[in-house]
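A.B. asks: Structure file entry.cif (mmCIF, C-alpha atoms) right here:
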```
data_structure
#
loop_
_atom_site.group_PDB
_atom_site.id
_atom_site.type_symbol
_atom_site.label_atom_id
_atom_site.label_comp_id
_atom_site.auth_asym_id
_atom_site.auth_seq_id
_atom_site.Cartn_x
_atom_site.Cartn_y
_atom_site.Cartn_z
ATOM 1 C CA MET A 1 -33.443 56.996 5.593
ATOM 2 C CA THR A 2 -36.014 54.186 5.572
ATOM 3 C CA ASN A 3 -34.655 50.644 5.560
ATOM 4 C CA ASP A 4 -35.812 47.040 5.873
ATOM 5 C CA SER A 5 -34.037 43.728 6.301
ATOM 6 C CA THR A 6 -33.473 40.938 3.816
ATOM 7 C CA PRO A 7 -36.857 39.324 3.041
ATOM 8 C CA TRP A 8 -37.618 36.326 5.238
ATOM 9 C CA SER A 9 -33.959 35.734 6.010
ATOM 10 C CA PRO A 10 -33.079 33.191 8.738
ATOM 11 C CA GLN A 11 -32.242 36.142 10.980
ATOM 12 C CA ALA A 12 -35.643 37.735 10.360
ATOM 13 C CA GLN A 13 -37.365 34.426 11.116
ATOM 14 C CA ARG A 14 -35.479 34.137 14.399
ATOM 15 C CA TYR A 15 -36.496 37.656 15.400
ATOM 16 C CA PHE A 16 -40.153 36.928 14.687
ATOM 17 C CA ILE A 17 -40.079 33.657 16.637
ATOM 18 C CA GLN A 18 -38.250 35.246 19.568
ATOM 19 C CA ALA A 19 -40.715 38.144 19.634
ATOM 20 C CA LEU A 20 -43.637 35.730 19.539
ATOM 21 C CA GLY A 21 -42.159 33.736 22.417
ATOM 22 C CA LEU A 22 -41.675 36.885 24.501
ATOM 23 C CA ALA A 23 -45.247 38.009 23.848
ATOM 24 C CA GLN A 24 -46.546 34.599 24.904
ATOM 25 C CA ALA A 25 -44.371 34.582 28.022
ATOM 26 C CA ALA A 26 -45.756 37.996 28.949
ATOM 27 C CA GLY A 27 -49.305 36.790 28.376
ATOM 28 C CA ASP A 28 -49.867 39.545 25.807
ATOM 29 C CA ARG A 29 -52.194 37.892 23.312
ATOM 30 C CA LEU A 30 -52.741 41.054 21.314
ATOM 31 C CA LEU A 31 -49.023 41.595 20.796
ATOM 32 C CA GLY A 32 -48.623 37.935 19.891
ATOM 33 C CA ALA A 33 -51.374 38.277 17.301
ATOM 34 C CA GLY A 34 -49.745 41.441 15.983
ATOM 35 C CA ILE A 35 -46.531 39.488 15.436
ATOM 36 C CA LEU A 36 -48.406 36.715 13.598
ATOM 37 C CA ASP A 37 -50.016 39.455 11.513
ATOM 38 C CA ALA A 38 -46.578 40.848 10.603
ATOM 39 C CA MET A 39 -45.369 37.335 9.796
ATOM 40 C CA SER A 40 -48.348 36.935 7.461
ATOM 41 C CA HIS A 41 -47.414 40.142 5.663
ATOM 42 C CA GLN A 42 -43.818 38.968 5.274
ATOM 43 C CA ALA A 43 -44.921 35.533 4.058
ATOM 44 C CA THR A 44 -47.052 37.132 1.348
ATOM 45 C CA TYR A 45 -44.110 39.263 0.280
ATOM 46 C CA THR A 46 -41.902 36.189 -0.062
ATOM 47 C CA GLY A 47 -44.470 34.149 -2.012
ATOM 48 C CA ARG A 48 -45.638 31.866 0.790
ATOM 49 C CA PHE A 49 -49.276 32.737 0.228
ATOM 50 C CA ARG A 50 -51.032 29.776 1.856
ATOM 51 C CA GLU A 51 -48.863 30.132 4.935
ATOM 52 C CA ALA A 52 -49.616 33.868 4.977
ATOM 53 C CA ALA A 53 -53.367 33.225 4.960
ATOM 54 C CA SER A 54 -53.020 30.707 7.799
ATOM 55 C CA LEU A 55 -50.940 33.109 9.916
ATOM 56 C CA ALA A 56 -53.511 35.882 9.510
ATOM 57 C CA GLN A 57 -56.320 33.488 10.403
ATOM 58 C CA ALA A 58 -54.404 32.375 13.499
ATOM 59 C CA ALA A 59 -53.933 35.991 14.568
ATOM 60 C CA ARG A 60 -57.662 36.595 14.255
ATOM 61 C CA THR A 61 -58.981 33.415 15.855
ATOM 62 C CA GLY A 62 -56.452 33.597 18.689
ATOM 63 C CA THR A 63 -57.757 37.003 19.763
ATOM 64 C CA ALA A 64 -61.478 36.556 19.133
ATOM 65 C CA GLY A 65 -63.365 38.614 21.661
ATOM 66 C CA ILE A 66 -60.357 40.644 22.840
ATOM 67 C CA ALA A 67 -58.866 42.220 19.704
ATOM 68 C CA THR A 68 -59.825 45.788 18.909
ATOM 69 C CA ALA A 69 -61.879 46.386 15.780
ATOM 70 C CA THR A 70 -58.884 47.973 14.063
ATOM 71 C CA LEU A 71 -56.672 44.958 14.735
ATOM 72 C CA THR A 72 -59.383 42.610 13.532
ATOM 73 C CA ALA A 73 -59.739 44.644 10.342
ATOM 74 C CA HIS A 74 -56.011 44.364 9.702
ATOM 75 C CA PHE A 75 -56.008 40.616 10.298
ATOM 76 C CA HIS A 76 -58.716 40.318 7.634
ATOM 77 C CA THR A 77 -56.763 42.478 5.172
ATOM 78 C CA MET A 78 -53.626 40.371 5.596
ATOM 79 C CA GLU A 79 -55.658 37.258 4.895
ATOM 80 C CA ALA A 80 -57.204 38.995 1.874
ATOM 81 C CA ARG A 81 -53.766 39.952 0.535
ATOM 82 C CA ALA A 82 -52.671 36.310 0.605
ATOM 83 C CA LEU A 83 -55.924 35.057 -0.905
ATOM 84 C CA ALA A 84 -55.689 37.603 -3.731
ATOM 85 C CA ARG A 85 -52.211 36.349 -4.594
ATOM 86 C CA LEU A 86 -53.617 32.811 -4.644
ATOM 87 C CA GLY A 87 -56.321 33.960 -7.067
ATOM 88 C CA GLU A 88 -59.116 33.003 -4.672
ATOM 89 C CA ALA A 89 -61.381 35.902 -5.547
ATOM 90 C CA ARG A 90 -64.501 34.979 -3.586
ATOM 91 C CA ALA A 91 -62.602 34.217 -0.388
ATOM 92 C CA CYS A 92 -60.653 37.443 -0.817
ATOM 93 C CA ASP A 93 -63.855 39.439 -1.306
ATOM 94 C CA LEU A 94 -65.303 37.944 1.877
ATOM 95 C CA ALA A 95 -62.153 38.835 3.827
ATOM 96 C CA LEU A 96 -62.225 42.401 2.510
ATOM 97 C CA ALA A 97 -65.909 42.758 3.400
ATOM 98 C CA ALA A 98 -65.138 41.523 6.916
ATOM 99 C CA ALA A 99 -62.279 44.032 7.141
ATOM 100 C CA VAL A 100 -64.608 46.903 6.253
ATOM 101 C CA SER A 101 -67.215 45.700 8.740
ATOM 102 C CA ALA A 102 -64.624 45.577 11.526
ATOM 103 C CA TYR A 103 -63.045 48.884 10.552
ATOM 104 C CA GLU A 104 -66.396 50.662 10.719
ATOM 105 C CA ARG A 105 -66.555 49.746 14.429
ATOM 106 C CA ARG A 106 -63.074 50.980 15.274
ATOM 107 C CA ARG A 107 -62.270 53.192 18.230
ATOM 108 C CA PRO A 108 -58.689 54.418 17.742
ATOM 109 C CA GLU A 109 -58.303 55.285 21.414
ATOM 110 C CA ALA A 110 -58.755 51.578 22.238
ATOM 111 C CA ASP A 111 -55.928 50.432 19.960
ATOM 112 C CA PRO A 112 -52.500 49.455 21.322
ATOM 113 C CA ALA A 113 -49.848 52.157 21.074
ATOM 114 C CA TRP A 114 -47.916 50.027 18.569
ATOM 115 C CA PHE A 115 -50.896 49.922 16.208
ATOM 116 C CA GLN A 116 -51.835 53.549 15.717
ATOM 117 C CA TYR A 117 -50.820 53.723 12.047
ATOM 118 C CA PHE A 118 -53.673 51.746 10.486
ATOM 119 C CA ASP A 119 -56.162 54.288 9.155
ATOM 120 C CA GLU A 120 -58.490 54.714 6.181
ATOM 121 C CA ALA A 121 -55.597 55.406 3.818
ATOM 122 C CA GLU A 122 -53.876 52.178 4.860
ATOM 123 C CA LEU A 123 -57.128 50.254 4.411
ATOM 124 C CA SER A 124 -57.519 51.730 0.927
ATOM 125 C CA ALA A 125 -53.959 50.686 0.095
ATOM 126 C CA GLU A 126 -54.676 47.107 1.150
ATOM 127 C CA PHE A 127 -57.765 47.084 -1.061
ATOM 128 C CA GLY A 128 -55.670 48.414 -3.918
ATOM 129 C CA HIS A 129 -53.164 45.579 -3.565
ATOM 130 C CA CYS A 130 -55.872 42.926 -3.477
ATOM 131 C CA LEU A 131 -57.845 44.293 -6.418
ATOM 132 C CA ARG A 132 -54.688 44.667 -8.503
ATOM 133 C CA ASP A 133 -53.796 41.039 -7.839
ATOM 134 C CA LEU A 134 -57.328 39.980 -8.790
ATOM 135 C CA ASN A 135 -56.944 41.832 -12.131
ATOM 136 C CA ARG A 136 -59.587 44.440 -11.291
ATOM 137 C CA ALA A 137 -57.422 47.271 -12.503
ATOM 138 C CA ARG A 138 -59.868 50.185 -12.427
ATOM 139 C CA ASP A 139 -61.135 49.357 -8.940
ATOM 140 C CA ALA A 140 -57.534 48.901 -7.785
ATOM 141 C CA ALA A 141 -56.575 52.324 -9.141
ATOM 142 C CA GLU A 142 -59.504 53.944 -7.361
ATOM 143 C CA HIS A 143 -58.536 52.489 -3.981
ATOM 144 C CA ALA A 144 -54.779 52.943 -4.347
ATOM 145 C CA GLY A 145 -55.351 56.535 -5.434
ATOM 146 C CA ARG A 146 -57.114 57.272 -2.152
ATOM 147 C CA SER A 147 -54.029 56.194 -0.259
ATOM 148 C CA VAL A 148 -51.331 57.984 -2.259
ATOM 149 C CA GLY A 149 -50.129 61.175 -0.595
ATOM 150 C CA ALA A 150 -52.068 60.586 2.588
ATOM 151 C CA SER A 151 -48.882 61.138 4.622
ATOM 152 C CA PRO A 152 -47.544 64.498 3.379
ATOM 153 C CA ASP A 153 -45.077 64.752 6.268
ATOM 154 C CA GLY A 154 -43.205 61.705 4.958
ATOM 155 C CA ARG A 155 -43.690 59.583 8.081
ATOM 156 C CA PHE A 156 -44.920 56.675 5.982
ATOM 157 C CA ALA A 157 -42.798 57.211 2.888
ATOM 158 C CA ARG A 158 -42.322 53.511 2.214
ATOM 159 C CA SER A 159 -46.044 52.738 2.452
ATOM 160 C CA ASP A 160 -46.756 55.668 0.146
ATOM 161 C CA PHE A 161 -44.203 54.292 -2.330
ATOM 162 C CA PHE A 162 -45.972 50.916 -2.290
ATOM 163 C CA ALA A 163 -49.399 52.468 -2.876
ATOM 164 C CA THR A 164 -48.043 54.642 -5.689
ATOM 165 C CA MET A 165 -46.551 51.617 -7.450
ATOM 166 C CA VAL A 166 -49.822 49.705 -7.056
ATOM 167 C CA LEU A 167 -51.509 52.695 -8.670
ATOM 168 C CA ALA A 168 -48.965 52.644 -11.516
ATOM 169 C CA ASP A 169 -49.469 48.900 -12.001
ATOM 170 C CA SER A 170 -53.235 49.395 -12.058
ATOM 171 C CA TYR A 171 -53.063 52.135 -14.682
ATOM 172 C CA LEU A 172 -50.859 49.886 -16.786
ATOM 173 C CA ALA A 173 -53.235 46.947 -16.503
ATOM 174 C CA ALA A 174 -56.123 49.241 -17.446
ATOM 175 C CA GLY A 175 -54.296 50.177 -20.661
ATOM 176 C CA ASP A 176 -53.107 53.648 -19.673
ATOM 177 C CA ALA A 177 -49.332 53.271 -20.082
ATOM 178 C CA GLU A 178 -48.702 57.020 -20.089
ATOM 179 C CA GLN A 179 -50.389 57.552 -16.729
ATOM 180 C CA ALA A 180 -48.695 54.432 -15.377
ATOM 181 C CA CYS A 181 -45.244 55.710 -16.308
ATOM 182 C CA SER A 182 -45.940 59.172 -14.925
ATOM 183 C CA THR A 183 -47.079 57.631 -11.635
ATOM 184 C CA ALA A 184 -44.051 55.333 -11.452
ATOM 185 C CA LEU A 185 -41.729 58.311 -12.001
ATOM 186 C CA ALA A 186 -43.385 60.095 -9.096
ATOM 187 C CA ALA A 187 -42.735 57.042 -6.908
ATOM 188 C CA LEU A 188 -39.110 56.878 -8.010
ATOM 189 C CA GLY A 189 -38.581 60.539 -7.196
ATOM 190 C CA ALA A 190 -40.093 60.105 -3.757
ATOM 191 C CA GLY A 191 -38.160 56.902 -3.122
ATOM 192 C CA GLU A 192 -34.616 58.204 -3.515
ATOM 193 C CA GLN A 193 -34.051 58.232 0.247
ATOM 194 C CA ILE A 194 -35.652 54.841 0.890
ATOM 195 C CA ARG A 195 -33.536 51.723 1.309
ATOM 196 C CA SER A 196 -35.956 48.854 0.957
ATOM 197 C CA GLY A 197 -35.914 45.472 -0.684
ATOM 198 C CA ARG A 198 -39.686 45.642 -0.896
ATOM 199 C CA CYS A 199 -39.568 48.833 -2.929
ATOM 200 C CA VAL A 200 -37.214 47.122 -5.349
ATOM 201 C CA ASN A 201 -39.611 44.193 -5.611
ATOM 202 C CA TYR A 202 -42.523 46.496 -6.534
ATOM 203 C CA LEU A 203 -40.344 47.998 -9.264
ATOM 204 C CA ARG A 204 -39.368 44.574 -10.573
ATOM 205 C CA GLU A 205 -43.032 43.647 -10.930
ATOM 206 C CA PHE A 206 -43.732 46.904 -12.734
ATOM 207 C CA ARG A 207 -40.816 46.282 -15.109
ATOM 208 C CA GLU A 208 -42.241 42.851 -15.936
ATOM 209 C CA HIS A 209 -45.689 44.295 -16.642
ATOM 210 C CA LEU A 210 -44.237 47.168 -18.660
ATOM 211 C CA VAL A 211 -43.086 44.729 -21.342
ATOM 212 C CA MET A 212 -46.675 44.710 -22.636
ATOM 213 C CA ALA A 213 -46.374 48.368 -23.658
ATOM 214 C CA GLU A 214 -42.651 48.720 -24.335
ATOM 215 C CA GLY A 215 -43.164 49.654 -27.995
ATOM 216 C CA SER A 216 -44.782 52.996 -27.199
ATOM 217 C CA ALA A 217 -42.844 56.259 -27.268
ATOM 218 C CA GLY A 218 -44.049 57.100 -23.766
ATOM 219 C CA VAL A 219 -42.603 53.900 -22.337
ATOM 220 C CA ARG A 220 -39.270 54.453 -24.083
ATOM 221 C CA GLU A 221 -39.129 57.970 -22.678
ATOM 222 C CA PHE A 222 -39.962 56.607 -19.234
ATOM 223 C CA GLY A 223 -37.083 54.155 -19.480
ATOM 224 C CA GLU A 224 -34.673 56.979 -20.272
ATOM 225 C CA GLN A 225 -35.859 58.963 -17.252
ATOM 226 C CA ALA A 226 -36.201 56.052 -14.836
ATOM 227 C CA VAL A 227 -32.593 54.956 -15.206
ATOM 228 C CA GLN A 228 -31.560 58.158 -13.431
ATOM 229 C CA PHE A 229 -33.040 56.815 -10.196
ATOM 230 C CA ARG A 230 -31.129 54.553 -7.831
ATOM 231 C CA LEU A 231 -33.992 52.153 -7.043
ATOM 232 C CA TRP A 232 -34.764 51.608 -10.739
ATOM 233 C CA ARG A 233 -31.140 50.751 -11.463
ATOM 234 C CA ILE A 234 -31.140 48.280 -8.578
ATOM 235 C CA ALA A 235 -34.377 46.702 -9.823
ATOM 236 C CA ALA A 236 -32.774 46.221 -13.245
ATOM 237 C CA ARG A 237 -29.988 44.049 -11.856
ATOM 238 C CA PRO A 238 -30.236 40.249 -11.656
ATOM 239 C CA GLU A 239 -31.973 39.497 -8.375
ATOM 240 C CA ARG A 240 -29.015 37.922 -6.583
ATOM 241 C CA SER A 241 -26.810 40.940 -7.231
ATOM 242 C CA ALA A 242 -29.474 43.525 -6.407
ATOM 243 C CA ALA A 243 -28.647 44.129 -2.777
ATOM 244 C CA VAL A 244 -29.938 47.559 -1.813
ATOM 245 C CA ALA A 245 -26.979 49.921 -1.606
#
```
Reformat the file's structure so that it appears as structure tokens.

C.D. replies:
Amino acid sequence: MTNDSTPWSPQAQRYFIQALGLAQAAGDRLLGAGILDAMSHQATYTGRFREAASLAQAARTGTAGIATATLTAHFHTMEARALARLGEARACDLALAAAVSAYERRRPEADPAWFQYFDEAELSAEFGHCLRDLNRARDAAEHAGRSVGASPDGRFARSDFFATMVLADSYLAAGDAEQACSTALAALGAGEQIRSGRCVNYLREFREHLVMAEGSAGVREFGEQAVQFRLWRIAARPERSAAVA
């Protein structure tokens, strides 16, 4: 069963800082940059967007000339994610273009063992997130759709859940509430065995956006079906009482 810890809790911060210190003590600059990259991702999730952009930039500049192309691409996508949340469209576009340029030079065999997961589907998912946040719904749906289902063996179930909810959000923003609800139901069905605060957060955002179309019969029917799923019920609770159970 997939799990994650409380978002940006003091304990999580301590783990990140300890890991960064150990990487520095070992002289492993790539691992240190990978930790900064993960910290950037977490900062974006918790709404600290400017800090997230700075962490991703630090990861990239601190490994200039030694990072693999795949790592560099990911550093750019983490910066782009933060910039998209800030609404800085041009800067985000530049970061995404740099990510593609780096990714096209990748040699997977050169990547660290701890960074083998980042592939074309993951890159598409990152594009989907950014384009959704920049209100480019149709482009977001195209990219997120390329990522959904790319891991049929379930190894990356949580990432697939995220991409599916980005796809649902994008359909909704494009005015296709029926397709959005159908996609969200698919995510809920796949997410029954996932314990993740992030999954709940994606659902909360979708619930907020769904208000725009709540008068339609399709949305009412979705609500009746969605309540059968554990994650949807958790997302419906007030945030302080919505601990994942």

A.B. asks: Counting only C-alpha atoms, which of A:Ala98, A:Ala56, A:Val148, A:Ala67 gets nearest to Ala190 (chain A)?

C.D. replies: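 So, comparing all the options, the nearest one is A:Val148.
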
A.B. asks: To verify the selection step, state as a list in words which residues the PyMOL selection byres ((chain A and resi 54) around 10) yields on this input.

C.D. replies: Leu36, Asp37, Ser40, Phe49, Arg50, Glu51, Ala52, Ala53, Leu55, Ala56, Gln57, Ala58, Ala59, Arg60, Met78, Glu79 and Ala82 of chain A

A.B. asks: Starting from the shown file, work through the PyMOL selection byres ((chain A and resi 147) around 12) and note down what comes out as number ranges by chain.

C.D. replies: A: 118-129, 140-146, 148-152, 156-157, 159-167

A.B. asks: In Å, with one decimal, what is the gap from CA of Leu94 (chain A) to CA of Pro112 (chain A)?

C.D. replies: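 So the two atoms, CA of Leu94 (chain A) and CA of Pro112 (chain A), lie 26.0 Å apart.
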
A.B. asks: Given the file shown, determine the residues that the PyMOL selection byres ((chain A and resi 19-21) around 12) selects; report them as an mmCIF file with C-alpha atoms, in the frame of the given file.

C.D. replies:
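Output contents, as saved in result-v3.cif:
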```
data_model
loop_
_atom_site.group_PDB
_atom_site.id
_atom_site.type_symbol
_atom_site.label_atom_id
_atom_site.label_comp_id
_atom_site.auth_asym_id
_atom_site.auth_seq_id
_atom_site.Cartn_x
_atom_site.Cartn_y
_atom_site.Cartn_z
ATOM 1 C CA ALA A 12 -35.643 37.735 10.360
ATOM 2 C CA GLN A 13 -37.365 34.426 11.116
ATOM 3 C CA ARG A 14 -35.479 34.137 14.399
ATOM 4 C CA TYR A 15 -36.496 37.656 15.400
ATOM 5 C CA PHE A 16 -40.153 36.928 14.687
ATOM 6 C CA ILE A 17 -40.079 33.657 16.637
ATOM 7 C CA GLN A 18 -38.250 35.246 19.568
ATOM 8 C CA LEU A 22 -41.675 36.885 24.501
ATOM 9 C CA ALA A 23 -45.247 38.009 23.848
ATOM 10 C CA GLN A 24 -46.546 34.599 24.904
ATOM 11 C CA ALA A 25 -44.371 34.582 28.022
ATOM 12 C CA ALA A 26 -45.756 37.996 28.949
ATOM 13 C CA GLY A 27 -49.305 36.790 28.376
ATOM 14 C CA ASP A 28 -49.867 39.545 25.807
ATOM 15 C CA ARG A 29 -52.194 37.892 23.312
ATOM 16 C CA LEU A 30 -52.741 41.054 21.314
ATOM 17 C CA LEU A 31 -49.023 41.595 20.796
ATOM 18 C CA GLY A 32 -48.623 37.935 19.891
ATOM 19 C CA ALA A 33 -51.374 38.277 17.301
ATOM 20 C CA GLY A 34 -49.745 41.441 15.983
ATOM 21 C CA ILE A 35 -46.531 39.488 15.436
ATOM 22 C CA LEU A 36 -48.406 36.715 13.598
ATOM 23 C CA ASP A 37 -50.016 39.455 11.513
ATOM 24 C CA ALA A 38 -46.578 40.848 10.603
ATOM 25 C CA MET A 39 -45.369 37.335 9.796
ATOM 26 C CA ALA A 59 -53.933 35.991 14.568
#
```

A.B. asks: Tell me which of A:Cys92, A:Ala73, A:Ala177, A:Ala186 sits closest to Glu104 (chain A), counting all atoms listed in the file.

C.D. replies: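 Nearest to Glu104 (chain A): A:Ala73.
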
A.B. asks: List the residues sitting within 12 Å of (-32.9, 46.8, -11.5) in the file's frame, using all atoms listed in the file, as a ChimeraX atom specification.

C.D. replies: /A:197,199-208,223,226-245

A.B. asks: Using CA of Trp114 (chain A) and CA of Arg81 (chain A) as the two end points, give the distance in Å to one decimal.

C.D. replies: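 So the two atoms, CA of Trp114 (chain A) and CA of Arg81 (chain A), lie 21.5 Å apart.
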
A.B. asks: How many Å separate CA of Thr70 (chain A) from CA of Ala102 (chain A)?

C.D. replies: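 CA of Thr70 (chain A) sits 6.7 Å away from CA of Ala102 (chain A).
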
A.B. asks: Choose the residue, out of A:Arg158, A:His74, A:Arg138, A:Arg198, that has the smallest atom-to-atom separation from Thr46 (chain A); count all atoms listed in the file.

C.D. replies: A:Arg198

A.B. asks: Looking at all atoms listed in the file, which of A:Ala217, A:Leu210, A:Ala113, A:Leu134 is the one that sits closest to Tyr171 (chain A)?

C.D. replies: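 Looking only at the distances to Tyr171 (chain A), the closest residue turns out to be A:Leu210.
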
A.B. asks: Around all of region 96-110 of chain A's listed atoms, make the axis-aligned box with 3 Å on each side and tell me centre and edge lengths in Å to one decimal, as AutoDock Vina command-line options.

C.D. replies:
```
--center_x -62.8 --center_y 48.4 --center_z 12.4 --size_x 14.9 --size_y 19.8 --size_z 25.7
```

A.B. asks: When you look at Asp176 (chain A) with a cut-off of 12 Å (counting all atoms listed in the file), what residues show up, excluding the ones that are within fewer than 4 positions of it in the same chain? I need them as a ChimeraX atom specification.

C.D. replies: /A:137-138,141,167-172,180-183,210,212-213,216,218-219
